[in-house]
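Q: Input final00.txt, format and content: compact mmCIF, C-alpha atoms.
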# COMPACT_ATOMS: atom_id res chain seq x y z
CA MET A 1 81.04 143.19 121.99
CA LEU A 2 83.51 143.62 119.12
CA ARG A 3 84.02 141.30 116.19
CA ILE A 4 87.31 141.55 114.32
CA THR A 5 87.64 140.33 110.74
CA LEU A 6 91.07 139.83 109.25
CA ASP A 7 90.76 141.29 105.74
CA VAL A 8 93.29 139.21 103.85
CA PHE A 9 91.73 136.82 101.36
CA SER A 10 90.31 137.62 97.96
CA GLY A 11 88.58 134.31 97.31
CA LEU A 12 88.20 132.58 100.65
CA PRO A 13 85.99 133.97 103.43
CA ASN A 14 87.96 136.19 105.78
CA PRO A 15 88.41 134.77 109.29
CA SER A 16 86.91 136.62 112.24
CA TRP A 17 86.91 136.39 116.02
CA PHE A 18 85.53 138.16 119.07
CA LEU A 19 87.54 140.18 121.57
CA SER A 20 87.40 139.52 125.28
CA ASP A 21 86.16 142.34 127.52
CA LYS A 22 89.74 143.24 128.42
CA GLN A 23 90.90 143.15 124.80
CA GLU A 24 87.91 145.28 123.84
CA ALA A 25 88.85 147.89 126.44
CA ASP A 26 92.48 147.77 125.27
CA LEU A 27 91.50 148.36 121.65
CA LEU A 28 89.25 151.28 122.51
CA GLU A 29 92.04 152.83 124.56
CA ARG A 30 94.42 152.47 121.64
CA ILE A 31 91.92 154.16 119.36
CA LEU A 32 91.36 156.99 121.83
CA ALA A 33 95.12 157.52 121.98
CA GLU A 34 95.49 157.36 118.19
CA PRO A 35 92.18 158.24 116.48
CA THR A 36 93.74 157.99 113.01
CA LEU A 37 93.71 154.23 113.44
CA VAL A 38 90.04 154.32 112.51
CA ARG A 39 89.49 154.26 108.77
CA PRO A 40 86.38 153.89 106.62
CA VAL A 41 85.70 150.26 105.79
CA PHE A 42 86.04 150.90 102.06
CA ALA A 43 89.55 152.36 102.48
CA ASP A 44 92.37 150.11 101.22
CA HIS A 45 89.93 147.37 100.29
CA LEU A 46 91.25 147.07 96.74
CA LYS A 47 94.74 146.03 97.79
CA LEU A 48 95.83 142.44 97.39
CA GLY A 49 97.00 140.61 100.49
CA PHE A 50 96.58 141.92 104.02
CA ARG A 51 94.27 144.94 103.99
CA GLY A 52 93.79 145.53 107.70
CA TYR A 53 90.99 144.62 110.11
CA ILE A 54 87.29 145.28 109.93
CA VAL A 55 85.85 146.03 113.34
CA GLU A 56 82.15 145.62 114.09
CA VAL A 57 80.65 146.87 117.30
CA LEU A 58 77.92 144.26 117.82
CA LYS A 59 76.90 145.48 121.25
CA GLU A 60 77.75 148.91 122.51
CA ASN A 61 79.17 149.53 125.97
CA SER A 62 79.34 152.72 127.98
CA LEU A 63 82.63 153.76 126.42
CA THR A 64 81.60 153.23 122.81
CA ARG A 65 78.39 155.12 123.51
CA ARG A 66 80.09 157.96 125.37
CA LYS A 67 82.84 158.42 122.81
CA ARG A 68 80.51 157.88 119.88
CA PHE A 69 82.63 155.22 118.28
CA PRO A 70 81.58 154.20 114.79
CA THR A 71 80.04 150.76 114.77
CA TYR A 72 81.71 149.52 111.60
CA PHE A 73 85.19 150.61 110.66
CA ARG A 74 88.61 149.52 109.47
CA ILE A 75 91.94 149.42 111.27
CA SER A 76 94.40 150.13 108.49
CA SER A 77 97.01 147.59 107.41
CA THR A 78 99.61 150.29 108.04
CA ALA A 79 98.77 150.45 111.74
CA ASN A 80 101.92 148.77 112.94
CA ALA A 81 101.69 148.37 116.72
CA ALA A 82 97.91 148.14 116.84
CA GLY A 83 97.96 145.78 113.87
CA LEU A 84 100.37 143.40 115.53
CA TRP A 85 98.47 143.57 118.80
CA LEU A 86 95.16 142.83 117.09
CA LEU A 87 96.75 139.95 115.23
CA HIS A 88 97.69 138.30 118.51
CA THR A 89 94.12 138.59 119.78
CA SER A 90 93.27 136.03 117.10
CA GLU A 91 95.22 133.41 119.08
CA GLN A 92 92.16 131.73 120.49
CA LEU A 93 90.89 128.19 120.82
CA ASP A 94 89.39 127.02 117.50
CA SER A 95 90.60 130.21 115.83
CA GLU A 96 90.15 130.36 112.07
CA VAL A 97 93.46 132.20 111.92
CA THR A 98 96.22 129.63 111.70
CA ASP A 99 99.74 130.20 112.94
CA PHE A 100 100.84 130.17 109.32
CA LEU A 101 98.38 132.87 108.31
CA ARG A 102 99.40 134.92 111.34
CA GLU A 103 103.00 134.66 110.21
CA ILE A 104 102.07 135.87 106.73
CA VAL A 105 100.14 138.85 108.07
CA GLU A 106 102.86 139.69 110.56
CA GLN A 107 105.34 139.81 107.68
CA ASP A 108 103.02 142.16 105.81
CA ILE A 109 102.65 144.44 108.82
CA ARG A 110 106.36 144.52 109.60
CA PHE A 111 107.48 144.78 105.97
CA PRO A 112 104.71 146.53 104.03
CA ARG A 113 104.82 146.14 100.28
CA PRO A 114 106.16 149.20 98.47
CA MET A 115 103.51 151.02 96.51
CA ALA A 116 104.19 151.83 92.89
CA ALA A 117 105.14 155.40 92.05
CA PRO A 118 102.15 157.22 90.59
CA GLU A 119 103.60 157.51 87.09
CA GLU A 120 104.44 153.81 87.07
CA SER A 121 101.12 152.60 88.35
CA LYS A 122 99.11 154.69 85.94
CA PRO A 123 98.35 152.62 82.84
CA SER A 124 99.27 154.20 79.58
CA SER A 125 96.56 154.68 77.03
CA PRO A 126 95.72 151.64 74.98
CA SER A 127 96.15 151.92 71.25
CA GLU A 128 93.55 153.80 69.26
CA LYS A 129 92.53 150.55 67.68
CA GLY A 130 91.20 149.38 71.02
CA ALA A 131 90.73 145.97 72.47
CA GLY A 132 90.67 142.95 70.28
CA GLN A 133 91.75 144.83 67.16
CA SER A 134 94.06 142.75 65.03
CA CYS A 135 96.06 143.44 61.94
CA VAL A 136 94.38 142.61 58.68
CA SER A 137 96.70 139.72 58.03
CA SER A 138 97.24 138.64 61.59
CA TYR A 139 98.83 135.30 62.12
CA LEU A 140 96.36 133.64 64.44
CA SER A 141 97.16 130.34 66.10
CA SER A 142 94.64 128.02 67.70
CA ASP A 143 92.80 129.28 70.76
CA THR A 144 92.35 125.74 72.09
CA ASP A 145 95.30 123.61 71.01
CA PHE A 146 98.33 124.52 73.08
CA SER A 147 100.22 121.27 72.61
CA PHE A 148 103.15 123.08 71.00
CA TRP A 149 103.73 124.76 74.38
CA ASN A 150 102.34 122.28 76.86
CA ASP A 151 103.59 118.98 75.49
CA SER A 152 106.57 118.53 77.80
CA SER A 153 108.03 119.66 81.08
CA TYR A 154 111.00 121.08 79.22
CA HIS A 155 108.93 123.33 76.96
CA LEU A 156 106.75 124.37 79.86
CA GLN A 157 109.69 125.16 82.09
CA TYR A 158 111.84 127.14 79.67
CA ASN A 159 109.26 129.22 77.78
CA ASN A 160 107.38 132.08 79.34
CA CYS A 161 104.76 134.66 78.41
CA TYR A 162 107.18 136.52 76.12
CA ASN A 163 107.98 133.33 74.24
CA TYR A 164 104.28 132.69 73.81
CA ALA A 165 103.67 136.27 72.68
CA ALA A 166 106.44 135.90 70.10
CA ALA A 167 105.17 132.48 69.01
CA TYR A 168 108.77 131.36 69.35
CA ARG A 169 109.93 128.54 71.59
CA SER A 170 113.48 129.68 72.39
CA ASN A 171 113.69 127.50 75.52
CA THR A 172 115.47 130.37 77.26
CA PHE A 173 112.63 131.95 79.31
CA ALA A 174 112.86 134.98 77.04
CA GLN A 175 113.38 138.47 78.37
CA PRO A 176 112.32 141.67 76.59
CA GLY A 177 115.22 143.40 74.88
CA LYS A 178 117.70 140.60 75.40
CA ILE A 179 117.96 139.47 71.79
CA SER A 180 118.46 143.02 70.58
CA GLY A 181 121.02 143.78 73.27
CA HIS A 182 118.79 146.28 75.08
CA PRO A 183 117.25 144.41 78.02
CA PHE A 184 115.16 146.50 80.35
CA THR A 185 116.78 147.42 83.64
CA GLY A 186 115.28 148.02 87.05
CA LEU A 187 111.82 147.02 88.11
CA PRO A 188 109.38 146.28 85.29
CA SER A 189 107.19 149.16 84.20
CA CYS A 190 105.20 149.92 81.07
CA GLY A 191 107.92 152.35 80.05
CA ASN A 192 111.02 150.18 80.29
CA VAL A 193 109.47 146.92 79.06
CA SER A 194 107.78 148.67 76.13
CA SER A 195 111.11 150.21 75.13
CA ALA A 196 112.81 146.84 75.37
CA ILE A 197 110.32 145.05 73.13
CA ARG A 198 110.41 147.88 70.59
CA SER A 199 114.14 147.31 70.36
CA ASP A 200 113.38 143.63 69.72
CA GLY A 201 111.36 144.71 66.69
CA TRP A 202 107.79 145.10 67.91
CA PHE A 203 105.75 148.00 66.54
CA ASP A 204 103.18 150.20 68.27
CA GLY A 205 100.83 150.56 65.37
CA CYS A 206 98.81 147.97 63.57
CA GLN A 207 99.46 147.88 59.82
CA SER A 208 98.25 145.46 57.22
CA THR A 209 101.66 143.92 56.86
CA HIS A 210 101.94 143.12 60.52
CA ASN A 211 101.09 139.70 61.75
CA LEU A 212 101.38 139.09 65.48
CA SER A 213 99.17 141.12 67.82
CA VAL A 214 100.08 141.14 71.51
CA ALA A 215 99.16 143.09 74.62
CA LEU A 216 101.65 144.01 77.35
CA VAL A 217 100.60 144.31 81.00
CA ILE A 218 102.57 144.97 84.16
CA ALA A 219 102.30 143.97 87.80
CA PRO A 220 103.70 147.25 89.13
CA ASN A 221 107.30 146.92 90.28
CA ALA A 222 107.06 143.14 90.10
CA ASP A 223 106.67 141.51 86.70
CA PHE A 224 105.49 141.76 83.09
CA HIS A 225 103.04 139.60 81.19
CA PHE A 226 101.79 139.27 77.62
CA TYR A 227 98.63 138.13 75.85
CA ARG A 228 98.53 137.17 72.16
CA LEU A 229 95.54 137.28 69.86
CA CYS A 230 94.50 133.83 68.62
CA VAL A 231 91.66 132.70 66.37
CA ASN A 232 88.01 133.41 67.16
CA GLY A 233 88.89 136.77 68.70
CA HIS A 234 90.30 135.08 71.79
CA TRP A 235 93.47 136.19 73.54
CA CYS A 236 95.74 133.51 74.94
CA HIS A 237 98.73 133.57 77.24
CA LYS A 238 101.32 131.50 79.06
CA GLN A 239 102.02 132.29 82.67
CA GLY A 240 105.71 131.66 83.31
CA HIS A 241 106.42 127.94 83.36
CA LEU A 242 102.73 127.05 83.52
CA PRO A 243 100.65 125.75 80.60
CA ALA A 244 99.47 128.14 77.91
CA ARG A 245 95.74 128.82 78.13
CA ASN A 246 92.88 130.92 76.81
CA THR A 247 91.20 131.97 80.05
CA ASP A 248 91.69 134.80 82.50
CA ASP A 249 92.06 134.60 86.28
CA SER A 250 88.31 134.21 86.64
CA GLY A 251 88.21 131.32 84.18
CA PHE A 252 86.56 133.26 81.33
CA LEU A 253 87.68 133.17 77.72
CA ILE A 254 89.60 136.36 77.04
CA THR A 255 88.05 138.59 74.43
CA ASN A 256 89.55 141.82 75.72
CA PRO A 257 92.91 141.90 77.49
CA GLU A 258 92.17 145.40 78.77
CA THR A 259 89.20 144.28 80.84
CA CYS A 260 89.86 140.61 81.61
CA ASP A 261 90.80 139.49 85.12
CA ARG A 262 94.56 139.95 85.20
CA GLY A 263 95.17 139.49 88.92
CA PRO A 264 98.08 141.65 90.02
CA TYR A 265 98.96 142.72 86.45
CA THR A 266 96.96 145.88 86.83
CA ASP A 267 98.78 148.16 84.40
CA PHE A 268 97.68 147.83 80.80
CA CYS A 269 100.52 149.17 78.67
CA GLY A 270 99.12 148.78 75.18
CA TYR A 271 99.18 146.68 72.02
CA PHE A 272 102.23 145.74 70.01
CA TYR A 273 102.57 144.14 66.61
CA ALA A 274 105.19 142.13 64.74
CA ASP A 275 105.76 141.97 61.04
CA ASN A 276 106.02 138.21 60.93
CA ASP A 277 104.32 135.06 62.14
CA ILE A 278 107.02 134.58 64.75
CA MET A 279 109.45 136.91 66.49
CA PHE A 280 112.88 135.72 67.52
CA VAL A 281 113.33 136.38 71.22
CA SER A 282 115.92 135.18 73.69
CA MET B 1 107.68 104.19 101.84
CA ALA B 2 110.92 106.10 101.52
CA ILE B 3 114.12 104.14 101.48
CA LEU B 4 117.42 105.73 102.32
CA GLY B 5 120.60 104.31 100.89
CA VAL B 6 124.10 105.67 101.43
CA THR B 7 127.19 105.05 99.32
CA ALA B 8 130.45 106.38 100.69
CA GLY B 9 133.44 107.13 98.45
CA ALA B 10 136.87 108.47 99.28
CA ALA B 11 135.77 112.05 99.29
CA LEU B 12 132.16 111.75 98.36
CA VAL B 13 129.09 110.62 100.13
CA ALA B 14 126.28 110.13 97.74
CA VAL B 15 122.83 109.94 99.15
CA VAL B 16 120.29 108.24 97.04
CA LEU B 17 116.70 108.47 98.01
CA PHE B 18 113.74 106.66 96.72
CA ALA B 19 110.07 107.22 96.99
CA SER B 20 107.23 105.30 95.57
CA ALA B 21 103.78 106.50 94.76
CA ARG B 22 100.68 104.86 93.45
CA LYS B 23 98.64 106.04 90.55
CA PRO B 24 95.22 107.28 91.65
CA ASN B 25 93.49 104.40 89.94
CA GLY B 26 95.50 101.92 91.96
CA SER B 27 97.39 100.56 88.97
CA ALA B 28 101.12 99.91 88.92
CA SER B 29 102.94 102.17 91.28
CA ILE B 30 105.48 104.69 90.09
CA THR B 31 108.87 104.37 91.70
CA PHE B 32 111.48 107.02 91.33
CA SER B 33 114.68 107.90 93.04
CA ALA B 34 115.90 111.37 93.76
CA LYS B 35 119.37 112.64 94.38
CA GLU B 36 118.20 116.24 94.34
CA ALA B 37 115.00 118.22 94.68
CA ARG B 38 114.55 121.69 93.23
CA VAL B 39 111.66 123.89 94.17
CA GLN B 40 110.48 126.82 92.13
CA ALA B 41 107.95 129.36 93.35
CA SER B 42 105.39 130.25 90.70
CA LEU B 43 105.41 133.98 91.28
CA TYR B 44 106.20 135.54 87.95
CA SER B 45 105.09 135.17 84.38
CA GLY B 46 107.86 137.01 82.59
CA LEU B 47 110.76 137.26 85.00
CA PRO B 48 112.58 134.13 86.11
CA ASN B 49 110.98 132.59 89.16
CA PRO B 50 113.05 132.08 92.32
CA GLU B 51 114.17 128.53 92.94
CA TRP B 52 116.11 126.68 95.56
CA THR B 53 117.48 123.21 96.23
CA LEU B 54 116.59 121.14 99.27
CA GLN B 55 119.29 119.99 101.65
CA THR B 56 119.81 116.24 101.99
CA PRO B 57 117.87 115.86 105.27
CA GLN B 58 115.05 117.93 103.75
CA LEU B 59 115.07 115.71 100.67
CA SER B 60 114.70 112.65 102.84
CA GLU B 61 111.78 114.23 104.68
CA LEU B 62 110.21 115.35 101.42
CA LEU B 63 110.27 111.92 99.87
CA LYS B 64 108.78 110.44 103.00
CA MET B 65 105.97 113.00 102.81
CA LEU B 66 105.44 112.34 99.10
CA SER B 67 105.22 108.60 99.65
CA GLU B 68 102.50 109.11 102.24
CA LEU B 69 100.29 111.40 100.19
CA PRO B 70 96.83 110.06 99.38
CA ALA B 71 96.03 109.75 95.70
CA SER B 72 93.48 112.16 94.33
CA LYS B 73 91.16 112.22 91.35
CA ASP B 74 90.74 115.99 91.48
CA ARG B 75 91.30 117.78 88.21
CA GLU B 76 93.98 120.41 88.35
CA PRO B 77 92.38 123.83 88.83
CA GLN B 78 93.59 126.69 86.71
CA GLN B 79 96.40 128.61 88.36
CA ARG B 80 96.02 132.35 88.71
CA LEU B 81 98.42 135.14 87.93
CA GLY B 82 100.68 136.12 90.82
CA TYR B 83 101.72 133.47 93.36
CA SER B 84 100.15 130.28 92.14
CA GLY B 85 101.96 127.51 93.93
CA LEU B 86 105.21 125.63 93.60
CA ARG B 87 106.96 123.51 91.02
CA LEU B 88 108.86 120.60 92.48
CA GLU B 89 111.42 118.85 90.35
CA LEU B 90 112.97 115.62 91.53
CA ILE B 91 116.27 114.80 89.83
CA GLN B 92 116.67 111.06 89.71
CA THR B 93 119.90 109.14 89.98
CA ASN B 94 119.83 108.38 86.26
CA GLY B 95 119.74 112.10 85.54
CA GLU B 96 116.13 112.15 84.46
CA SER B 97 113.67 114.27 86.33
CA VAL B 98 110.02 114.32 87.21
CA ALA B 99 108.19 117.52 88.02
CA PHE B 100 105.03 118.28 89.97
CA ARG B 101 102.86 121.34 90.36
CA ILE B 102 101.77 121.93 93.94
CA HIS B 103 98.90 124.32 94.53
CA ASP B 104 95.34 124.65 95.79
CA GLY B 105 95.64 121.63 98.06
CA GLY B 106 96.76 119.21 95.38
CA ILE B 107 99.83 117.88 93.62
CA TRP B 108 99.80 117.15 89.90
CA MET B 109 102.51 115.51 87.84
CA GLU B 110 103.51 118.06 85.22
CA GLU B 111 103.62 115.66 82.27
CA ASP B 112 100.55 113.67 83.28
CA VAL B 113 98.10 115.63 85.38
CA ALA B 114 95.99 112.50 85.79
CA VAL B 115 98.61 111.50 88.36
CA ALA B 116 97.48 113.57 91.30
CA TYR B 117 97.70 113.57 95.07
CA ALA B 118 95.92 115.46 97.81
CA ASP B 119 97.88 118.00 99.82
CA LYS B 120 95.56 118.33 102.77
CA GLY B 121 95.69 121.74 104.38
CA ARG B 122 98.36 122.62 101.84
CA ALA B 123 100.75 121.04 104.32
CA LEU B 124 103.37 120.00 101.79
CA GLU B 125 103.19 123.37 100.04
CA GLN B 126 103.69 125.16 103.34
CA TRP B 127 106.50 122.83 104.34
CA LEU B 128 108.30 123.49 101.06
CA ILE B 129 107.80 127.24 101.43
CA ALA B 130 109.45 126.97 104.83
CA THR B 131 112.56 125.57 103.14
CA ALA B 132 112.91 128.61 100.87
CA PRO B 133 115.61 131.25 101.42
CA PRO B 134 114.28 134.04 103.67
CA ASP B 135 113.90 136.63 100.90
CA VAL B 136 112.02 134.21 98.66
CA ARG B 137 109.91 133.04 101.56
CA GLN B 138 108.86 136.58 102.28
CA LEU B 139 107.90 137.16 98.65
CA ILE B 140 105.74 134.04 98.71
CA LEU B 141 104.17 134.68 102.09
CA ARG B 142 103.04 138.09 100.95
CA GLN B 143 100.98 136.57 98.19
CA PHE B 144 99.99 133.27 99.78
CA GLY B 145 96.24 132.88 100.07
CA ASN B 146 95.33 135.38 97.38
Could I get this structure in the form of structure tokens?

A:
Amino acid sequence: MLRITLDVFSGLPNPSWFLSDKQEADLLERILAEPTLVRPVFADHLKLGFRGYIVEVLKENSLTRRKRFPTYFRISSTANAAGLWLLHTSEQLDSEVTDFLREIVEQDIRFPRPMAAPEESKPSSPSEKGAGQSCVSSYLSSDTDFSFWNDSSYHLQYNNCYNYAAAYRSNTFAQPGKISGHPFTGLPSCGNVSSAIRSDGWFDGCQSTHNLSVALVIAPNADFHFYRLCVNGHWCHKQGHLPARNTDDSGFLITNPETCDRGPYTDFCGYFYADNDIMFVS
Amino acid sequence: MAILGVTAGAALVAVVLFASARKPNGSASITFSAKEARVQASLYSGLPNPEWTLQTPQLSELLKMLSELPASKDREPQQRLGYSGLRLELIQTNGESVAFRIHDGGIWMEEDVAVAYADKGRALEQWLIATAPPDVRQLILRQFGN
């Protein structure tokens, strides 16, 4: 008896189901024909989204015994034909796998997400000052009162993380490098976004004359995001058109942007400083 | 209850749609009309998020769905980085707009999150995702559920 678990959620419990005898025989035949389908359970488990299937042999049969199948293994998310076939075995009465979820996973199998190039996915070293270090005369806004940003739909909608980092409500959904005429091009990376904000006037090093302290992070090949140091040693941020806040993805106050839960923004690029209490961005 | 009204001009057919909704506490209902509905996927923090406009038949269906949503007293949960739901903006006939955040099985009015509705099974969210252009839909589907 085989139990299949669809490894797809990060918060919710993953759905699982049992294979029929015929499906079980089919899967074992597929594995015999393509042994590389079998992966250790821990492989790929850190990816977001569809990560493959976890297979548990709950009761061995003659074939699993004879061929010495492992009893707990992963079918990789990159297993195209086998992955699609296994997905359809979830179409059972009272299945926890909805048609909608099946569609999502099928998309992921057919069109796997591109992985970041090694040099782009490797975070650059944080500044020597380390997490939470601020300039001596840092301009620190409230870590609890975000009414300046959250008071209206208009301000929410047209100011993003870069606006919040710059403490400047341009109402233009600001982009790094735009105001200085050197916007970054291509997919966001630590390299091109860092260059763009330097051209906007941000500095790498903390000096006593500098005032704003921000941290730049990247969701590889997808997006950029900023945190800004506020009072009480807390870092705050504004996610796109959503309200500014002081907590990370796990709901904790942010005391260290290097180690807080940043969801898909896995690349920590470093700290940047501005010689003013606001930075004009566009 | 959604009401559909049609005004025909020489070269223009204007479709004006109305939906009404009740505040969760059962006080005076909010009535708004919508000549257009824009949906924005909350995918990015820094880059502009993809958005699209519903077609007229979709707008009619949307307002019907909105009018039938049960009120909710749930507080809006914090949205996470990455895909974190949708922003729905209804442009009213007078040019004003009202926006909602749709995520985690609920719908919250952007300017007054005390006005909330339940989106059971994330049905409205999924329905709106289905109206997205194919490339946007694929981007969302890849992150949905995480």

Q: If we count all atoms listed in the file, which residues of chain B reach to within 12 Å of chain A? Please list them as a PyMOL selection string.

A: chain B and resi 40-50+76-89+96-104+109-113+121-123+125-127+129-130+134-135+137-146

Q: Could you give me, as a compact mmCIF listing (two decimals) with C-alpha atoms, in the frame of the given file, the residues that have an atom at most 12 Å away from the point (96.7, 113.8, 103.1) in the coordinates of the file, using all atoms listed in the file?

A:
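What follows is the written file point.txt:
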# COMPACT_ATOMS: atom_id res chain seq x y z
CA MET B 65 105.97 113.00 102.81
CA LEU B 66 105.44 112.34 99.10
CA SER B 67 105.22 108.60 99.65
CA GLU B 68 102.50 109.11 102.24
CA LEU B 69 100.29 111.40 100.19
CA PRO B 70 96.83 110.06 99.38
CA ALA B 71 96.03 109.75 95.70
CA SER B 72 93.48 112.16 94.33
CA GLY B 105 95.64 121.63 98.06
CA GLY B 106 96.76 119.21 95.38
CA ILE B 107 99.83 117.88 93.62
CA ALA B 116 97.48 113.57 91.30
CA TYR B 117 97.70 113.57 95.07
CA ALA B 118 95.92 115.46 97.81
CA ASP B 119 97.88 118.00 99.82
CA LYS B 120 95.56 118.33 102.77
CA GLY B 121 95.69 121.74 104.38
CA ARG B 122 98.36 122.62 101.84
CA ALA B 123 100.75 121.04 104.32
CA LEU B 124 103.37 120.00 101.79
CA GLU B 125 103.19 123.37 100.04

Q: Could you work out how far atom CA of Ile197 of chain A lies from atom CA of Phe146 of chain A, giving the answer in Å with one decimal?

A: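 Answer for the atom CA of Phe146 of chain A to atom CA of Ile197 of chain A separation: 23.8 Å.
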
Q: Could you state the separation of atom CA of Asp277 of chain A and atom CA of Thr185 of chain A in Å, given to one decimal place?

A: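 Interatomic distance, atom CA of Asp277 of chain A to atom CA of Thr185 of chain A: 27.8 Å.
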
Q: One decimal, Å: what's the distance from atom CA of Leu63 of chain A over to atom CA of Ile4 of chain A, could you say?

A: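 Separation between atom CA of Leu63 of chain A and atom CA of Ile4 of chain A: 17.8 Å.
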
Q: Which is closer to Asn211 of chain A than all the others in A:Ser194, A:Asn256, A:Phe280, A:Leu140, using only C-alpha atoms?

A: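 Answer, going by the shortest atom-to-atom distance: A:Leu140.
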
Q: At a cut-off of 9 Å, using all atoms listed in the file, what residues contact Ser20 of chain A? Leave out same-chain residues fewer than 4 positions from it and give the result as a VMD selection string.

A: chain A and resid 1 to 2 24 to 25 89

Q: With a distance cut-off of 6 Å and all atoms listed in the file, select the neighbouring residues of Ala215 of chain A, excluding the residue or stretch itself and same-chain residues fewer than 4 positions from it, and output the selection as a list in words.

A: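 So the residues in contact are Phe226, Tyr227, Gly270 and Tyr271 of chain A.
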
Q: Find the residues near Ser199 of chain A: any atom within 7 Å, counting all atoms listed in the file, skip ones fewer than 4 places away on the same chain, and give them as a count of residues only.

A: 4

Q: So that I can see what lies close to Leu212 of chain A, please list as a list in words the residues with an atom at most 8 Å from it, counting all atoms listed in the file and leaving out residues fewer than 2 positions away in the same chain.

A: Cys135, Ser138, Tyr139, Leu140, Ala166, His210, Val214, Arg228, Leu229, Tyr273, Ala274, Asp275, Asn276, Asp277 and Ile278 of chain A

Q: Would you pick out the contacts of Thr131 of chain B at 10 Å or less, using only C-alpha atoms, so that residues sharing its chain but fewer than 4 positions from it are not included, and give the list as a list in words?

A: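 So, after excluding close chain neighbours, the residues are Val39, Trp52, Thr53, Leu54, Gln55, Gln58, Gln126, Trp127, Val136 and Arg137 of chain B.
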
Q: Store the residues of this selection in a file with C-alpha atoms, as an mmCIF file, keeping the file's coordinate frame.

A:
data_model
loop_
_atom_site.group_PDB
_atom_site.id
_atom_site.type_symbol
_atom_site.label_atom_id
_atom_site.label_comp_id
_atom_site.auth_asym_id
_atom_site.auth_seq_id
_atom_site.Cartn_x
_atom_site.Cartn_y
_atom_site.Cartn_z
ATOM 1 C CA VAL B 39 111.660 123.890 94.170
ATOM 2 C CA TRP B 52 116.110 126.680 95.560
ATOM 3 C CA THR B 53 117.480 123.210 96.230
ATOM 4 C CA LEU B 54 116.590 121.140 99.270
ATOM 5 C CA GLN B 55 119.290 119.990 101.650
ATOM 6 C CA GLN B 58 115.050 117.930 103.750
ATOM 7 C CA GLN B 126 103.690 125.160 103.340
ATOM 8 C CA TRP B 127 106.500 122.830 104.340
ATOM 9 C CA VAL B 136 112.020 134.210 98.660
ATOM 10 C CA ARG B 137 109.910 133.040 101.560
#

Q: Atoms are missing here; could segment 29-40 of chain A be completed with N, CA and C atoms and written as an mmCIF file, in the coordinates of the input?

A:
data_model
loop_
_atom_site.group_PDB
_atom_site.id
_atom_site.type_symbol
_atom_site.label_atom_id
_atom_site.label_comp_id
_atom_site.auth_asym_id
_atom_site.auth_seq_id
_atom_site.Cartn_x
_atom_site.Cartn_y
_atom_site.Cartn_z
ATOM 1 N N GLU A 29 91.028 151.903 124.033
ATOM 2 C CA GLU A 29 92.040 152.830 124.560
ATOM 3 C C GLU A 29 93.070 153.190 123.488
ATOM 4 N N ARG A 30 93.465 152.203 122.723
ATOM 5 C CA ARG A 30 94.420 152.470 121.640
ATOM 6 C C ARG A 30 93.839 153.453 120.632
ATOM 7 N N ILE A 31 92.567 153.271 120.344
ATOM 8 C CA ILE A 31 91.920 154.160 119.360
ATOM 9 C C ILE A 31 91.789 155.573 119.928
ATOM 10 N N LEU A 32 91.459 155.666 121.213
ATOM 11 C CA LEU A 32 91.360 156.990 121.830
ATOM 12 C C LEU A 32 92.704 157.708 121.793
ATOM 13 N N ALA A 33 93.775 156.927 121.983
ATOM 14 C CA ALA A 33 95.120 157.520 121.980
ATOM 15 C C ALA A 33 95.581 157.865 120.570
ATOM 16 N N GLU A 34 95.056 157.159 119.589
ATOM 17 C CA GLU A 34 95.490 157.360 118.190
ATOM 18 C C GLU A 34 94.252 157.259 117.282
ATOM 19 N N PRO A 35 93.451 158.314 117.224
ATOM 20 C CA PRO A 35 92.180 158.240 116.480
ATOM 21 C C PRO A 35 92.351 157.941 114.991
ATOM 22 N N THR A 36 93.550 158.234 114.439
ATOM 23 C CA THR A 36 93.740 157.990 113.010
ATOM 24 C C THR A 36 93.773 156.500 112.665
ATOM 25 N N LEU A 37 93.783 155.668 113.701
ATOM 26 C CA LEU A 37 93.710 154.230 113.440
ATOM 27 C C LEU A 37 92.403 153.870 112.731
ATOM 28 N N VAL A 38 91.367 154.635 113.042
ATOM 29 C CA VAL A 38 90.040 154.320 112.510
ATOM 30 C C VAL A 38 89.934 154.842 111.079
ATOM 31 N N ARG A 39 89.612 153.929 110.180
ATOM 32 C CA ARG A 39 89.490 154.260 108.770
ATOM 33 C C ARG A 39 88.127 153.787 108.262
ATOM 34 N N PRO A 40 87.619 154.419 107.204
ATOM 35 C CA PRO A 40 86.380 153.890 106.620
ATOM 36 C C PRO A 40 86.594 152.457 106.142
#
